[in-house]
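*Asks:* Sharing target03.txt, compact mmCIF, C-alpha atoms and all ligand atoms:
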# COMPACT_ATOMS: atom_id res chain seq x y z
CA MET W 1 97.35 104.00 156.87
CA MET W 2 99.55 101.34 155.29
CA PRO W 3 99.95 98.95 158.27
CA ASN W 4 96.17 99.00 158.80
CA LEU W 5 95.55 98.33 155.13
CA ARG W 6 97.96 95.39 155.15
CA LEU W 7 96.35 94.01 158.29
CA THR W 8 92.91 94.20 156.68
CA ILE W 9 94.10 92.34 153.60
CA GLU W 10 95.81 89.64 155.69
CA LEU W 11 92.69 89.14 157.76
CA ARG W 12 90.60 88.92 154.63
CA GLU W 13 92.86 86.31 153.02
CA LEU W 14 93.04 84.35 156.23
CA SER W 15 89.28 84.32 156.69
CA MET W 16 88.52 83.29 153.10
CA GLU W 17 90.65 80.17 153.56
CA ASN W 18 88.99 79.29 156.85
CA VAL W 19 85.47 79.71 155.56
CA VAL W 20 83.78 76.50 154.43
CA ILE W 21 80.55 76.48 152.43
CA GLU W 22 78.26 74.00 154.12
CA ARG W 23 74.97 74.46 152.34
CA VAL W 24 73.80 75.55 148.88
CA ASP W 25 70.15 76.39 148.08
CA ALA W 26 68.88 77.30 144.64
CA VAL W 27 65.47 78.47 143.45
CA THR W 28 63.96 80.75 140.84
CA LEU W 29 61.79 83.57 142.22
CA GLU W 30 59.20 85.56 140.31
CA GLY W 31 59.00 89.32 140.59
CA LYS W 32 56.78 92.00 139.11
CA ARG W 33 57.49 95.20 137.25
CA PRO W 34 55.37 98.20 138.28
CA ARG W 35 54.04 98.28 134.69
CA ALA W 36 54.05 95.65 131.96
CA ALA W 37 56.57 96.25 129.17
CA GLY W 38 55.40 95.98 125.57
CA SER W 39 57.30 95.04 122.43
CA ASN W 40 60.59 96.31 121.07
CA ALA W 41 61.87 96.39 117.48
CA ARG W 42 62.55 92.64 117.37
CA LEU W 43 60.46 91.01 120.12
CA GLY W 44 56.86 90.86 121.29
CA HIS W 45 55.29 91.72 124.63
CA HIS W 46 57.75 91.55 127.56
CA GLY W 47 55.10 91.65 130.27
CA ASP W 48 55.37 92.39 133.97
CA VAL W 49 56.82 89.10 135.29
CA VAL W 50 60.57 88.80 135.87
CA ARG W 51 62.15 85.44 136.68
CA LEU W 52 65.19 85.51 138.95
CA PRO W 53 67.33 82.38 139.45
CA LEU W 54 69.14 82.63 142.81
CA VAL W 55 71.74 80.65 144.69
CA ARG W 56 72.24 81.07 148.45
CA LEU W 57 75.46 79.91 150.11
CA THR W 58 75.67 79.24 153.86
CA THR W 59 79.00 78.69 155.62
CA THR W 60 79.69 76.41 158.60
CA ASP W 61 79.81 79.65 160.66
CA GLY W 62 76.33 80.61 159.46
CA VAL W 63 77.44 83.46 157.19
CA ILE W 64 75.19 83.78 154.14
CA GLY W 65 75.91 85.12 150.66
CA TRP W 66 73.54 84.97 147.74
CA GLY W 67 73.06 86.19 144.22
CA ARG W 68 71.64 85.75 140.77
CA THR W 69 72.97 82.79 138.86
CA SER W 70 71.34 80.26 136.58
CA VAL W 71 74.09 77.72 137.23
CA ASP W 72 73.36 74.01 136.81
CA PRO W 73 72.34 72.45 140.16
CA SER W 74 75.17 69.91 139.94
CA VAL W 75 77.66 72.78 139.79
CA ALA W 76 75.98 74.46 142.75
CA ALA W 77 76.15 71.14 144.61
CA SER W 78 79.90 70.88 144.01
CA LEU W 79 80.43 74.00 146.16
CA ALA W 80 79.15 72.36 149.32
CA GLY W 81 82.02 71.30 151.59
CA GLN W 82 84.61 73.50 149.88
CA SER W 83 86.63 76.38 151.28
CA LEU W 84 85.74 79.83 149.96
CA GLY W 85 89.44 80.26 149.28
CA ASN W 86 89.12 77.65 146.50
CA PHE W 87 86.96 80.07 144.53
CA ILE W 88 88.22 83.53 145.30
CA ASN W 89 91.64 85.16 145.31
CA GLY W 90 91.77 88.63 146.86
CA SER W 91 88.57 90.17 145.52
CA THR W 92 88.50 88.14 142.30
CA VAL W 93 86.42 85.02 141.71
CA HIS W 94 88.41 82.38 139.83
CA PRO W 95 87.53 82.37 136.09
CA ASP W 96 86.35 78.73 136.32
CA TRP W 97 83.61 79.90 138.69
CA THR W 98 82.37 83.01 136.87
CA ALA W 99 78.95 81.35 136.47
CA ILE W 100 78.47 81.47 140.23
CA GLU W 101 80.42 84.68 140.77
CA LEU W 102 77.73 86.86 142.31
CA PRO W 103 76.83 84.64 145.31
CA LEU W 104 80.56 84.07 145.96
CA LEU W 105 81.28 87.80 145.74
CA ASP W 106 78.38 88.63 148.04
CA LEU W 107 79.61 86.07 150.59
CA ALA W 108 83.25 87.19 150.42
CA SER W 109 82.29 90.88 150.76
CA ARG W 110 80.11 90.13 153.76
CA ILE W 111 82.95 88.23 155.41
CA ALA W 112 85.26 91.16 154.66
CA GLY W 113 82.61 93.47 156.16
CA GLN W 114 82.56 95.64 153.05
CA PRO W 115 80.11 96.61 150.34
CA VAL W 116 81.00 94.94 147.04
CA HIS W 117 82.10 98.19 145.42
CA ARG W 118 84.68 98.82 148.17
CA PHE W 119 85.72 95.15 148.32
CA VAL W 120 86.48 95.20 144.56
CA SER W 121 87.94 98.69 144.17
CA GLY W 122 89.39 99.46 147.61
CA SER W 123 88.03 102.98 147.20
CA ASP W 124 85.12 105.20 148.14
CA PRO W 125 82.12 104.90 145.80
CA LEU W 126 81.91 107.10 142.73
CA PRO W 127 78.58 108.84 142.00
CA VAL W 128 75.99 106.59 140.35
CA ARG W 129 73.05 107.65 138.20
CA SER W 130 70.15 105.61 136.85
CA TYR W 131 68.22 105.61 133.61
CA ASP W 132 64.62 104.48 133.27
CA THR W 133 64.67 101.69 130.67
CA SER W 134 60.92 100.99 130.75
CA LEU W 135 59.67 102.98 127.72
CA TYR W 136 58.71 100.09 125.38
CA PHE W 137 56.21 99.93 122.49
CA ASP W 138 53.17 100.20 124.76
CA ASP W 139 51.27 102.17 122.14
CA LEU W 140 50.82 99.70 119.28
CA HIS W 141 47.09 99.41 119.94
CA LEU W 142 46.63 103.14 119.29
CA ASP W 143 45.92 104.53 115.81
CA SER W 144 46.90 108.08 116.61
CA ASP W 145 50.55 109.15 116.86
CA ASP W 146 49.50 111.97 119.18
CA GLU W 147 47.86 109.53 121.58
CA ALA W 148 50.85 107.19 121.35
CA ALA W 149 53.27 110.01 122.09
CA ALA W 150 51.12 111.18 125.03
CA LEU W 151 51.08 107.63 126.44
CA ILE W 152 54.86 107.16 126.36
CA ALA W 153 55.40 110.70 127.69
CA ALA W 154 53.09 109.84 130.62
CA GLU W 155 55.18 106.72 131.27
CA ALA W 156 58.31 108.89 131.33
CA ARG W 157 56.60 111.08 133.94
CA GLN W 158 55.99 107.94 136.03
CA GLY W 159 59.74 107.28 135.89
CA TRP W 160 60.37 110.90 136.84
CA ASP W 161 58.19 110.38 139.91
CA ARG W 162 60.32 107.32 140.80
CA GLY W 163 63.38 109.58 140.82
CA HIS W 164 64.85 109.02 137.35
CA ARG W 165 66.28 111.91 135.37
CA ALA W 166 67.45 109.88 132.37
CA PHE W 167 65.15 107.91 130.08
CA LYS W 168 65.71 105.42 127.27
CA ILE W 169 63.02 105.12 124.63
CA LYS W 170 62.59 101.99 122.54
CA VAL W 171 62.37 102.90 118.84
CA GLY W 172 62.23 100.98 115.57
CA ARG W 173 58.46 100.55 115.43
CA GLY W 174 58.75 100.39 111.64
CA ALA W 175 61.10 97.41 111.73
CA MET W 176 58.37 94.83 112.34
CA HIS W 177 55.35 95.99 114.30
CA MET W 178 54.27 98.91 112.08
CA PRO W 179 54.81 99.85 108.43
CA LEU W 180 58.24 101.43 108.05
CA LYS W 181 57.17 105.01 107.29
CA GLU W 182 54.42 105.14 109.92
CA GLY W 183 56.54 103.46 112.55
CA THR W 184 59.43 105.86 112.04
CA ALA W 185 57.12 108.88 112.18
CA ARG W 186 55.72 107.59 115.46
CA ASP W 187 59.21 107.03 116.90
CA ILE W 188 60.03 110.66 116.12
CA ALA W 189 56.77 111.96 117.63
CA ILE W 190 57.43 109.97 120.80
CA ILE W 191 60.99 111.26 121.17
CA HIS W 192 59.69 114.84 120.98
CA ALA W 193 56.85 114.16 123.42
CA VAL W 194 59.16 112.56 126.00
CA ARG W 195 61.61 115.44 125.73
CA ASP W 196 58.77 117.92 126.25
CA ALA W 197 57.46 115.94 129.24
CA ILE W 198 60.76 115.77 131.13
CA GLY W 199 62.21 119.16 130.27
CA PRO W 200 65.47 120.24 128.68
CA ASP W 201 67.90 119.12 131.39
CA ALA W 202 67.01 115.42 131.66
CA THR W 203 68.82 112.83 129.54
CA VAL W 204 67.14 110.99 126.65
CA MET W 205 68.57 107.92 124.93
CA ILE W 206 67.00 105.78 122.20
CA ASP W 207 67.39 102.05 121.49
CA ALA W 208 66.39 100.58 118.11
CA ASN W 209 67.35 96.94 118.87
CA ASN W 210 69.05 96.82 115.45
CA GLY W 211 65.78 97.75 113.71
CA TRP W 212 67.14 100.58 111.56
CA ASN W 213 69.73 101.11 108.87
CA LEU W 214 72.11 104.01 108.30
CA ASN W 215 69.68 106.16 106.31
CA LEU W 216 66.86 105.72 108.82
CA THR W 217 69.27 106.63 111.61
CA LYS W 218 70.26 109.80 109.81
CA GLN W 219 66.62 110.68 109.18
CA VAL W 220 65.65 110.29 112.84
CA LEU W 221 68.74 112.14 114.10
CA THR W 222 67.98 115.00 111.71
CA GLU W 223 64.34 115.23 112.71
CA THR W 224 65.11 115.00 116.45
CA ALA W 225 68.16 117.30 116.50
CA ASP W 226 66.28 119.68 118.81
CA ALA W 227 65.59 116.84 121.29
CA ASN W 228 69.29 116.67 122.21
CA LEU W 229 69.59 112.86 122.31
CA TYR W 230 72.39 111.53 124.50
CA TRP W 231 72.99 108.14 122.90
CA ILE W 232 71.67 105.95 120.12
CA GLU W 233 71.77 102.25 120.98
CA GLU W 234 71.86 99.35 118.52
CA VAL W 235 70.51 101.41 115.64
CA PHE W 236 71.73 98.60 113.38
CA HIS W 237 74.01 95.64 113.99
CA GLU W 238 77.41 97.04 114.97
CA ASP W 239 79.49 97.82 111.88
CA ASN W 240 82.67 99.85 112.08
CA VAL W 241 82.42 101.10 108.49
CA LEU W 242 78.86 102.38 108.91
CA TYR W 243 79.57 103.79 112.39
CA GLN W 244 82.62 105.66 111.07
CA HIS W 245 80.44 107.10 108.32
CA LEU W 246 77.77 108.05 110.89
CA LYS W 247 80.36 109.82 113.05
CA GLU W 248 81.67 111.84 110.09
CA TRP W 249 78.12 112.69 109.01
CA GLN W 250 77.22 113.80 112.55
CA ALA W 251 80.30 116.03 112.71
CA ALA W 252 79.32 117.66 109.41
CA GLU W 253 75.75 118.14 110.66
CA GLY W 254 76.84 119.57 114.00
CA LEU W 255 75.40 116.59 115.91
CA ASN W 256 77.15 114.71 118.70
CA VAL W 257 74.96 111.79 119.74
CA LEU W 258 76.99 108.98 121.33
CA ILE W 259 77.01 105.52 119.72
CA ALA W 260 76.17 102.74 122.20
CA ASP W 261 76.44 99.05 121.30
CA GLY W 262 77.67 95.61 122.32
CA GLU W 263 74.53 94.09 123.87
CA GLY W 264 73.26 90.63 122.95
CA VAL W 265 75.80 88.56 121.00
CA PRO W 266 78.14 91.36 119.99
CA ASP W 267 80.72 91.39 117.25
CA PRO W 268 83.97 90.26 118.90
CA ARG W 269 85.61 93.46 117.60
CA VAL W 270 83.36 95.75 119.69
CA GLY W 271 86.18 96.28 122.20
CA ASP W 272 88.60 97.19 119.41
CA TRP W 273 86.07 99.61 117.92
CA ALA W 274 85.62 101.25 121.33
CA ARG W 275 89.40 101.62 121.63
CA GLU W 276 89.44 103.19 118.13
CA GLY W 277 86.75 105.71 119.13
CA ILE W 278 84.05 104.26 116.87
CA ILE W 279 81.80 103.09 119.73
CA ASP W 280 81.32 105.55 122.61
CA VAL W 281 79.41 103.41 125.12
CA VAL W 282 80.09 99.66 125.59
CA GLN W 283 77.07 97.62 126.68
CA THR W 284 78.02 93.96 126.96
CA ASN W 285 75.81 92.05 129.35
CA ILE W 286 76.91 92.10 132.99
CA TYR W 287 76.05 88.43 133.53
CA GLN W 288 77.65 87.15 130.33
CA ARG W 289 80.88 89.02 130.94
CA GLY W 290 80.81 88.73 134.74
CA PHE W 291 81.20 91.38 137.42
CA GLY W 292 84.96 91.12 137.88
CA ASN W 293 85.60 90.96 134.13
CA TRP W 294 83.38 94.01 133.64
CA HIS W 295 85.31 95.87 136.34
CA THR W 296 88.57 95.10 134.51
CA LEU W 297 87.12 96.15 131.13
CA GLY W 298 85.55 99.28 132.66
CA GLU W 299 88.88 100.40 134.10
CA GLU W 300 90.43 100.03 130.64
CA LEU W 301 87.56 101.99 129.09
CA ASP W 302 87.92 104.65 131.81
CA ALA W 303 91.54 105.15 130.78
CA LEU W 304 90.42 105.57 127.16
CA GLY W 305 87.55 107.93 128.00
CA VAL W 306 84.99 105.41 126.67
CA GLN W 307 81.76 104.98 128.62
CA SER W 308 80.43 101.74 130.13
CA SER W 309 76.78 100.80 130.53
CA PRO W 310 76.25 97.03 130.87
CA HIS W 311 73.06 95.53 129.52
CA THR W 312 70.99 94.23 132.43
CA TYR W 313 67.34 94.39 131.32
CA GLY W 314 65.04 91.64 132.54
CA SER W 315 67.39 90.36 135.21
CA GLY W 316 65.36 91.35 138.26
CA ILE W 317 68.09 92.72 140.51
CA GLY W 318 70.54 93.83 137.80
CA ASN W 319 69.94 97.47 138.74
CA TYR W 320 71.61 96.95 142.10
CA ILE W 321 74.41 94.69 140.86
CA THR W 322 75.29 97.22 138.15
CA SER W 323 75.09 100.10 140.65
CA GLN W 324 77.79 98.39 142.73
CA LEU W 325 79.91 98.16 139.57
CA ALA W 326 79.14 101.76 138.61
CA ALA W 327 80.44 102.91 142.00
CA THR W 328 83.87 101.57 140.95
CA LEU W 329 84.06 103.09 137.44
CA GLN W 330 84.35 106.68 136.23
CA GLY W 331 82.71 106.00 132.88
CA LEU W 332 79.67 104.00 133.97
CA ASN W 333 77.52 107.11 133.93
CA TYR W 334 74.07 105.53 133.73
CA VAL W 335 72.80 102.27 135.22
CA GLU W 336 69.96 100.64 133.27
CA TRP W 337 67.00 100.52 135.68
CA ASP W 338 64.36 97.83 135.06
CA GLU W 339 62.36 98.08 138.27
CA ALA W 340 60.90 94.83 139.65
CA HIS W 341 59.60 93.86 143.07
CA PHE W 342 60.30 90.48 144.72
CA ASP W 343 58.50 89.65 147.96
CA ALA W 344 61.61 87.89 149.33
CA ILE W 345 64.10 90.68 148.54
CA ASP W 346 64.57 93.97 150.38
CA ALA W 347 66.22 96.47 148.04
CA SER W 348 65.18 99.51 150.05
CA ALA W 349 68.78 100.50 150.88
CA PHE W 350 69.01 101.67 147.26
CA THR W 351 67.11 104.87 146.57
CA ILE W 352 66.98 107.18 143.56
CA THR W 353 66.73 110.92 144.13
CA GLU W 354 67.01 113.42 141.28
CA GLY W 355 68.56 110.67 139.15
CA VAL W 356 71.27 109.80 141.67
CA VAL W 357 71.41 106.28 143.16
CA THR W 358 72.24 105.87 146.85
CA ILE W 359 74.80 103.06 147.19
CA PRO W 360 74.48 101.23 150.54
CA GLU W 361 77.54 100.83 152.73
CA ALA W 362 76.16 97.53 154.06
CA PRO W 363 78.41 94.49 153.42
CA GLY W 364 77.77 92.54 150.22
CA PHE W 365 75.62 93.78 147.37
CA GLY W 366 73.37 95.78 149.71
CA LEU W 367 70.31 93.58 149.19
CA GLU W 368 68.71 91.56 152.00
CA LEU W 369 66.89 88.28 151.59
CA ASP W 370 63.81 87.35 153.61
CA HIS W 371 65.13 83.90 154.52
CA ASP W 372 61.75 82.55 155.62
CA ALA W 373 60.23 83.46 152.27
CA PHE W 374 63.29 82.13 150.42
CA ASN W 375 63.18 78.85 152.39
CA ALA W 376 59.51 78.45 151.54
CA ALA W 377 60.29 78.96 147.85
CA VAL W 378 63.15 76.42 148.03
CA ALA W 379 60.83 73.91 149.71
CA ALA W 380 58.23 74.43 147.00
CA SER W 381 60.37 74.38 143.85
CA GLY W 382 64.08 74.64 144.62
CA VAL W 383 67.01 72.37 145.39
CA SER W 384 69.35 72.13 148.41
CA PHE W 385 72.73 70.52 148.91
CA VAL W 386 74.19 70.09 152.41
CA HIS W 387 77.73 68.87 153.12
CA SER W 388 77.77 66.55 156.10
MG MG T 1 69.30 97.55 124.32
Kindly present the structure from the file in C-alpha cells form.
*Replies:*
Amino acid sequence: MMPNLRLTIELRELSMENVVIERVDAVTLEGKRPRAAGSNARLGHHGDVVRLPLVRLTTTDGVIGWGRTSVDPSVAASLAGQSLGNFINGSTVHPDWTAIELPLLDLASRIAGQPVHRFVSGSDPLPVRSYDTSLYFDDLHLDSDDEAAALIAAEARQGWDRGHRAFKIKVGRGAMHMPLKEGTARDIAIIHAVRDAIGPDATVMIDANNGWNLNLTKQVLTETADANLYWIEEVFHEDNVLYQHLKEWQAAEGLNVLIADGEGVPDPRVGDWAREGIIDVVQTNIYQRGFGNWHTLGEELDALGVQSSPHTYGSGIGNYITSQLAATLQGLNYVEWDEAHFDAIDASAFTITEGVVTIPEAPGFGLELDHDAFNAAVAASGVSFVHS
C-alpha cells in the first residue's frame, strides 16, 4: 500500500506544478427552486429564483474545473497564465485564494482523478444524510392555524417524496410577521402537524432566525416535547449565559434538544462555546469559512463530539458542496438541502434515498457543466480572461 500511496502523492504534486491555467470565465446563472420559499422570522419572501455566481478554469491541457465564487473579475483574471501549484499545496488551497477555492479544488481533484471528498481526506466517504430546509412561512396569507399547519405538513410530504427523512421548520412567526401570541401558537401547531405527517422516526429541527427569547423558547419546547425535536437553531442571538441556562432547564425538564448556532455573522466565541459544550451543532457558512477551513474545523469538532452543519441556504449548489464535506466528517450528520435546478448544471449523480445522499465517485465535486449552455451565458452576461 505505502509505495503506491507515495507514488500517487508524487504524481499529484508533480502534475499540479505542471498545470497552467489558460482561461478564466465567470458568469452568474439563475436557477429555480421547485417551490417558492416564503418569509422567515427576520426576512420577507425568498422566492423561487436562486442566483449562482460561477467561475470556470481551463488549463492549457484543456482540463476544466469550476465552482461557485463571487470573486471580483480582476482577481479571476489574475489566475490566467499561472501554475495551479501557485494556489494549491497538497489538497489545500492557499489562504490568500480562499475566495476562489471551489473552482481550484474542483480542478485539482479532477487532475488527481479523485472526488473532492477523497482528495481532501484520503479516505472512503462517510455516510451523508440530507435535511429538507424548505419549510418557510408559506402560510401567512391564511387565517386558520389548522389550514396553515396542513399546508406546511403537505410541503414536508413533498420533501419526503424527494427522499428526505429530516426536515427543518422555520419558526418565529410572532417575531415580526404575526402578533407574538398568535405567531407562537401557529409555530407550535405547525411543528405538531409536520411531525404527524412524517411519522415518529423522521428528524425534525426548527429554526427561529433569532426571533425568540429564552422564555419563548422554553414555552415552545414544553408544548412540543412530544414532537421529539432534534435541534433548535438560532432561537435567539447566541449567548453562552442564556444557552447554559437553557441546557440546565432542559436537563431538569427531561428534554434533550440540541442547540445549533453560528450562522450569519456569529459571535467570535461560538467555537469556544462549542468546545465548552454549550453549542451542540456549529453552523458557520461554508462559503464564508471556506471548504478547507471547514474540513479542519469539522475534524476538531469530531474529536470533541460536537456536530457540524454548515449554513448553505440560497447558494444554488451548496447541497452538493456540503455533501462532499460531509463525506469527510463524522459529525456532519445532516446536509442542508435547498433544492434548485440550473439548466447548465447536471447534478444527477447525487441522489437522495430514504434520507441518505449518494456521493459520486466522479473526479471533482461530482457536478457536470453543460459547456455550451455555460458559454452562451458567458457570451450574454459574463466575462472571460485568456492568457496568450
Ligand atoms: Mg438558519
*Asks:* Could you check which of W:Asp338, W:Glu300, W:Glu263, W:Asp346 is closest to ligand MG 1 (chain T), using only C-alpha atoms and all ligand atoms?
*Replies:*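 Closest to ligand MG 1 (chain T) of all the choices is W:Glu263.
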*Asks:* What separation in Å, quoted to one decimal, exists between atom CA of Asn319 of chain W and atom CA of Pro95 of chain W?
*Replies:*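 Separation between atom CA of Asn319 of chain W and atom CA of Pro95 of chain W: 23.3 Å.
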*Asks:* Between atom CA of Ala175 of chain W and atom CA of Gly211 of chain W, what is the distance in Å, rounded to a tenth?
*Replies:* 5.1 Å
*Asks:* So what do you get for atom CA of Asp139 of chain W versus atom CA of Gly174 of chain W, distance-wise?
*Replies:*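 Taking atom CA of Asp139 of chain W and atom CA of Gly174 of chain W, their separation equals 13.0 Å.
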*Asks:* Pull the closest atom pair for each residue of chain W that gets at most 8 Å from ligand MG 1 (chain T), along with the distance in Å to one decimal, counting all atoms listed in the file, ordering rows by chain and then ascending residue number, as a Markdown table.
*Replies:*
| residue | atom | partner | partner_atom | distance |
| --- | --- | --- | --- | --- |
| W:Asp207 | CA | T:MG1 | MG | 5.6 |
| W:Ala208 | CA | T:MG1 | MG | 7.5 |
| W:Asn209 | CA | T:MG1 | MG | 5.8 |
| W:Glu233 | CA | T:MG1 | MG | 6.3 |
| W:Glu234 | CA | T:MG1 | MG | 6.6 |
| W:Asp261 | CA | T:MG1 | MG | 7.9 |
| W:Glu263 | CA | T:MG1 | MG | 6.3 |
| W:His311 | CA | T:MG1 | MG | 6.7 |
| W:Tyr313 | CA | T:MG1 | MG | 7.9 |
*Asks:* Taking only C-alpha atoms into account, which of W:Ile279, W:Val265, W:Ala77, W:Leu142 comes nearest Arg23 of chain W?
*Replies:*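 With only C-alpha atoms as the atom set, the closest residue is W:Ala77.
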*Asks:* Give me, as CSV, the closest atom pair and its distance (Å, one decimal) for every residue of segment 288-361 of chain W within a cut-off of 12 Å of segment 167-172 of chain W, counting all atoms listed in the file, rows sorted by chain and rising number.
*Replies:*
residue,atom,partner,partner_atom,distance
W:Tyr313,CA,W:Lys168,CA,11.9
W:Tyr334,CA,W:Phe167,CA,9.9
W:Val335,CA,W:Phe167,CA,10.8
W:Glu336,CA,W:Lys168,CA,8.8
W:Trp337,CA,W:Phe167,CA,9.5
W:Asp338,CA,W:Lys168,CA,11.0
W:Gly355,CA,W:Phe167,CA,10.1
*Asks:* Please produce a file of those selected residues containing C-alpha atoms, as a PDB file, keeping the file's coordinate frame.
*Replies:*
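In the end it all went to part-v8.pdb:
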ATOM      1  CA  TYR W 313      67.340  94.390 131.320  1.00  0.00           C
ATOM      2  CA  TYR W 334      74.070 105.530 133.730  1.00  0.00           C
ATOM      3  CA  VAL W 335      72.800 102.270 135.220  1.00  0.00           C
ATOM      4  CA  GLU W 336      69.960 100.640 133.270  1.00  0.00           C
ATOM      5  CA  TRP W 337      67.000 100.520 135.680  1.00  0.00           C
ATOM      6  CA  ASP W 338      64.360  97.830 135.060  1.00  0.00           C
ATOM      7  CA  GLY W 355      68.560 110.670 139.150  1.00  0.00           C
TER       8      GLY W 355
END
*Asks:* Using all atoms listed in the file, which of W:Pro34, W:Gly292, W:Pro268, W:Pro73 sits nearest Gly90 of chain W?
*Replies:* W:Gly292
*Asks:* For Lys32 of chain W, which residue out of W:Gly314, W:Gly298, W:Gly183, W:Gly62 is the nearest one, using all atoms listed in the file?
*Replies:* W:Gly314
*Asks:* Find the residues with any atom within 12 Å of (90.2, 104.6, 129.4); use only C-alpha atoms and the coordinates as given in the file, and write the answer as a PyMOL selection string.
*Replies:* chain W and resi 271+274-277+280-282+296-308+329-332
*Asks:* Env of segment 184-195 of chain W: 8 Å cut, atoms = all atoms listed in the file, seq-sep filter 6 positions within chain, self excluded. Answer as a list in words.
*Replies:* Asp145, Asp146, Ala148, Ala149, Ala150, Ile152, Ala153, Ala156, Ile169, Val171, Gly172, Arg173, Gly174, Val204, Val220, Glu223, Thr224 and Ala227 of chain W
*Asks:* Name the closest residue to Asp201 of chain W among the candidates W:Leu229, W:Leu369, W:Val383, W:Leu216; distances are taken between atoms, counting all atoms listed in the file.
*Replies:*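 For Asp201 of chain W, the nearest of the candidates is W:Leu229.
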*Asks:* Measuring between all atoms listed in the file, which one of W:Thr28, W:Thr59, W:Asn293, W:Thr133 shows the shortest distance to Thr92 of chain W?
*Replies:*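 Distance minimum relative to Thr92 of chain W lands on W:Asn293.
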*Asks:* Find the residues around Ala349 of chain W up to 8 Å (all atoms listed in the file counted), leave out those fewer than 6 positions away in its own chain, and share them as a PyMOL selection string.
*Replies:* chain W and resi 358-360+366-367
*Asks:* If you count all atoms listed in the file, which residues fall within 8 Å of Ala340 of chain W, apart from same-chain ones fewer than 3 positions away, as a list of chain:residue names?
*Replies:*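 Contacts, in chain order: W:Gly31, W:Lys32, W:Arg33, W:Pro34, W:Val50, W:Gly316, W:Ile317.
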*Asks:* Would you list the residues near (67.8, 104.6, 141.5), meaning any protein, DNA or RNA residue with an atom at most 7 Å from that point in file coordinates, counting all atoms listed in the file, as a list in words?
*Replies:* Arg129, Ser130, Gly163, His164, Phe350, Thr351, Ile352, Thr353, Gly355, Val356 and Val357 of chain W
*Asks:* Would you pick out the contacts of Lys247 of chain W at 12 Å or less, using all atoms listed in the file, so that residues sharing its chain but fewer than 2 positions from it are not included, and give the list as a VMD selection string?
*Replies:* chain W and resid 214 217 to 218 221 232 240 to 245 249 to 259 277 to 280
*Asks:* Fewer than 4 positions away in the same chain doesn't count, so skip those; otherwise give me all residues within 10 Å of His387 of chain W, counting all atoms listed in the file, as a CSV table (one decimal) with C-alpha atoms, keeping the file's coordinate frame.
*Replies:*
chain,number,residue,atom,x,y,z
W,20,VAL,CA,83.8,76.5,154.4
W,21,ILE,CA,80.6,76.5,152.4
W,22,GLU,CA,78.3,74.0,154.1
W,23,ARG,CA,75.0,74.5,152.3
W,24,VAL,CA,73.8,75.6,148.9
W,60,THR,CA,79.7,76.4,158.6
W,77,ALA,CA,76.2,71.1,144.6
W,78,SER,CA,79.9,70.9,144.0
W,79,LEU,CA,80.4,74.0,146.2
W,80,ALA,CA,79.2,72.4,149.3
W,81,GLY,CA,82.0,71.3,151.6
W,82,GLN,CA,84.6,73.5,149.9
*Asks:* Mind rebuilding segment 299-308 of chain W with N, CA, C and O atoms and writing that out as a compact mmCIF listing (two decimals), keeping the file's coordinate frame?
*Replies:*
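And here's part29.txt as it stands now:
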# COMPACT_ATOMS: atom_id res chain seq x y z
N GLU W 299 87.69 99.62 133.76
CA GLU W 299 88.88 100.40 134.10
C GLU W 299 89.68 100.74 132.84
O GLU W 299 90.21 101.84 132.70
N GLU W 300 89.73 99.76 131.91
CA GLU W 300 90.43 100.03 130.64
C GLU W 300 89.68 101.11 129.85
O GLU W 300 90.29 102.04 129.30
N LEU W 301 88.35 101.00 129.82
CA LEU W 301 87.56 101.99 129.09
C LEU W 301 87.67 103.36 129.75
O LEU W 301 87.72 104.39 129.07
N ASP W 302 87.71 103.38 131.09
CA ASP W 302 87.92 104.65 131.81
C ASP W 302 89.18 105.35 131.32
O ASP W 302 89.19 106.57 131.09
N ALA W 303 90.25 104.57 131.19
CA ALA W 303 91.54 105.15 130.78
C ALA W 303 91.47 105.71 129.36
O ALA W 303 92.19 106.64 129.01
N LEU W 304 90.57 105.13 128.55
CA LEU W 304 90.42 105.57 127.16
C LEU W 304 89.37 106.68 127.02
O LEU W 304 89.19 107.24 125.93
N GLY W 305 88.62 106.95 128.08
CA GLY W 305 87.55 107.93 128.00
C GLY W 305 86.30 107.39 127.32
O GLY W 305 85.46 108.15 126.86
N VAL W 306 86.18 106.05 127.25
CA VAL W 306 84.99 105.41 126.67
C VAL W 306 84.03 105.07 127.81
O VAL W 306 84.46 104.68 128.90
N GLN W 307 82.74 105.24 127.58
CA GLN W 307 81.76 104.98 128.62
C GLN W 307 81.39 103.49 128.69
O GLN W 307 81.47 102.77 127.71
N SER W 308 80.93 103.10 129.88
CA SER W 308 80.43 101.74 130.13
C SER W 308 78.96 101.84 130.51
O SER W 308 78.57 102.76 131.23
